[in-house]
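K.L.:
This is the structure I have questions about; it appears just below.
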Amino acid sequence: MKINRKTQLESEIPTASMPDIIFMLLIFFMVTTVLREYSGLPISLPKAKRIEKLKSKRHTSHIWVSKEGLVSIEDKLYKAEGVRHVMYEKRVSDPQLVVSLKADERAKMGLVSDIHTELRKADALKLNYSSKTAVD
Amino acid sequence: MLGKKRRFRGGEIPTSSMADIAFLLLIFFLVTTTIDMDKGLGMVLPAEGEEIEINKKNILNCLINSSGNVLLGGDPVEVRDLSRTVRQKIAENDKLVISVKAHKASSYKDYIQVIDQLKQANATRVSIAESN
């Protein structure tokens, strides 16, 4: 009988702190979530080997360039000359801005070069050529 | 007396369902979060009006034509061999600045390949000339 009593020890997982744990997770996901997503343009990205990861999604702004020569920022179409104003405003509101250029691999360099010039004029100098990982 | 009793009854917010509410919110944010980060080739553009004079000896011109052929300092090279050639040239002259100039009609893919090759050659001094 004595042995029996010992085995009847309570063996429950404490659930009192569960809401706190869940709240912690909740706060983490709330902070990391960026809700606004843009569909952009249909593009096939070029491939490269020496790629870097973009540090923060929050400080990243995308420019889509399709093979037809369309330029899209936040799902609005612009001409190459229009990039300057949009990017300048973004740069002013976020000094850590990194521009991610999502250009189609068949896009013409003339247009990409124009975007370079516009970004320089807008003082948005940190650029990232979005690309896929190349496998040998 | 009855009225008084009623006034004191149950003045608490039920907290037993709080965990469930938090769970629901958690699931919502879990579903909407995308962790995958964008990847790409990093590049820092020079500021507007920040042109600096470079000694001609330290410039290596890298030209890309409209059919994707690369001319490095006057000699045609294969894109695949670009990193090796550039690494040799940097070893000879560590002040070397590679000036990449792409033809207006050349494709972005060729340009990215050249930039990638230069990155593989650990060329930090890269300048992008305007296409024209």
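Ordered as shown in the structure tokens, chains take letters A, B, and onward, while each chain numbers its residues from 1 and ligands are numbered from 1 in the order shown.
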Set the cut-off to 8 Å and count only C-alpha atoms: what are the residues of chain A that reach chain B? Output as a VMD selection string.
P.N.:
chain A and resid 18 to 19 22 to 23 25 to 26 29 to 30 32 to 35 46 to 57 103 to 114 116 to 117 120 to 121 123 125 to 132
K.L.:
May I ask which of the residues B:Ile52, B:Thr15, B:Arg87, B:Cys62 is the closest one to Asp75 (chain B), counting only C-alpha atoms?
P.N.:
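Counting only C-alpha atoms, the residue closest to Asp75 (chain B) is B:Cys62.
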K.L.:
Which residues, written as number ranges by chain, have at least one atom at most 9 Å from Ser61 (chain A), with only C-alpha atoms counted and residues fewer than 2 positions away on the same chain left out?
P.N.:
A: 57-59, 63, 73-74, 87, 90, 97-101
K.L.:
Once DSSP has gone over the backbone, tell me which residues of region 74-132 of chain B are in helix (DSSP H, G or I), as a short mmCIF file (atom, residue, chain, number, x, y, z; two decimals) with N, CA and C atoms, in the first residue's frame.
P.N.:
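Result went into result_21.cif, see below:
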data_model
loop_
_atom_site.label_atom_id
_atom_site.label_comp_id
_atom_site.auth_asym_id
_atom_site.auth_seq_id
_atom_site.Cartn_x
_atom_site.Cartn_y
_atom_site.Cartn_z
N VAL B 79 32.58 35.16 -70.05
CA VAL B 79 32.03 35.60 -68.76
C VAL B 79 32.48 34.66 -67.64
N ARG B 80 32.57 33.38 -67.95
CA ARG B 80 32.95 32.39 -66.94
C ARG B 80 34.37 32.63 -66.40
N ASP B 81 35.25 33.10 -67.30
CA ASP B 81 36.64 33.30 -66.90
C ASP B 81 36.90 34.69 -66.34
N LEU B 82 35.86 35.50 -66.28
CA LEU B 82 36.03 36.89 -65.88
C LEU B 82 36.61 37.02 -64.47
N SER B 83 36.09 36.21 -63.54
CA SER B 83 36.52 36.37 -62.15
C SER B 83 38.01 36.03 -62.01
N ARG B 84 38.44 35.01 -62.74
CA ARG B 84 39.86 34.62 -62.66
C ARG B 84 40.76 35.72 -63.21
N THR B 85 40.38 36.24 -64.36
CA THR B 85 41.17 37.30 -64.99
C THR B 85 41.23 38.54 -64.10
N VAL B 86 40.06 38.91 -63.56
CA VAL B 86 40.00 40.10 -62.73
C VAL B 86 40.82 39.91 -61.45
N ARG B 87 40.76 38.71 -60.90
CA ARG B 87 41.54 38.45 -59.68
C ARG B 87 43.04 38.63 -59.94
N GLN B 88 43.47 38.14 -61.10
CA GLN B 88 44.89 38.31 -61.47
C GLN B 88 45.24 39.79 -61.59
N LYS B 89 44.35 40.53 -62.23
CA LYS B 89 44.63 41.94 -62.46
C LYS B 89 44.64 42.71 -61.14
N ILE B 90 43.78 42.32 -60.22
CA ILE B 90 43.75 42.99 -58.92
C ILE B 90 45.02 42.64 -58.14
N ALA B 91 45.49 41.41 -58.30
CA ALA B 91 46.72 41.01 -57.62
C ALA B 91 47.90 41.85 -58.12
N GLU B 92 47.85 42.21 -59.40
CA GLU B 92 48.92 43.03 -59.97
C GLU B 92 48.83 44.48 -59.50
N TYR B 108 19.88 42.47 -68.93
CA TYR B 108 20.16 42.58 -67.50
C TYR B 108 20.85 41.32 -66.97
N LYS B 109 20.50 40.19 -67.58
CA LYS B 109 21.08 38.91 -67.16
C LYS B 109 22.60 38.92 -67.32
N ASP B 110 23.07 39.44 -68.47
CA ASP B 110 24.51 39.49 -68.73
C ASP B 110 25.20 40.41 -67.74
N TYR B 111 24.54 41.50 -67.46
CA TYR B 111 25.07 42.47 -66.50
C TYR B 111 25.21 41.83 -65.11
N ILE B 112 24.16 41.12 -64.69
CA ILE B 112 24.20 40.46 -63.37
C ILE B 112 25.31 39.42 -63.33
N GLN B 113 25.49 38.70 -64.43
CA GLN B 113 26.56 37.70 -64.49
C GLN B 113 27.92 38.36 -64.31
N VAL B 114 28.09 39.51 -64.95
CA VAL B 114 29.38 40.22 -64.85
C VAL B 114 29.58 40.71 -63.41
N ILE B 115 28.54 41.29 -62.81
CA ILE B 115 28.65 41.77 -61.43
C ILE B 115 28.93 40.61 -60.49
N ASP B 116 28.28 39.49 -60.75
CA ASP B 116 28.49 38.30 -59.93
C ASP B 116 29.94 37.81 -60.04
N GLN B 117 30.46 37.81 -61.25
CA GLN B 117 31.85 37.40 -61.46
C GLN B 117 32.81 38.35 -60.74
N LEU B 118 32.51 39.63 -60.79
CA LEU B 118 33.37 40.60 -60.11
C LEU B 118 33.32 40.40 -58.60
N LYS B 119 32.13 40.07 -58.10
CA LYS B 119 32.00 39.80 -56.67
C LYS B 119 32.79 38.56 -56.29
N GLN B 120 32.77 37.57 -57.18
CA GLN B 120 33.53 36.34 -56.91
C GLN B 120 35.03 36.61 -56.92
#
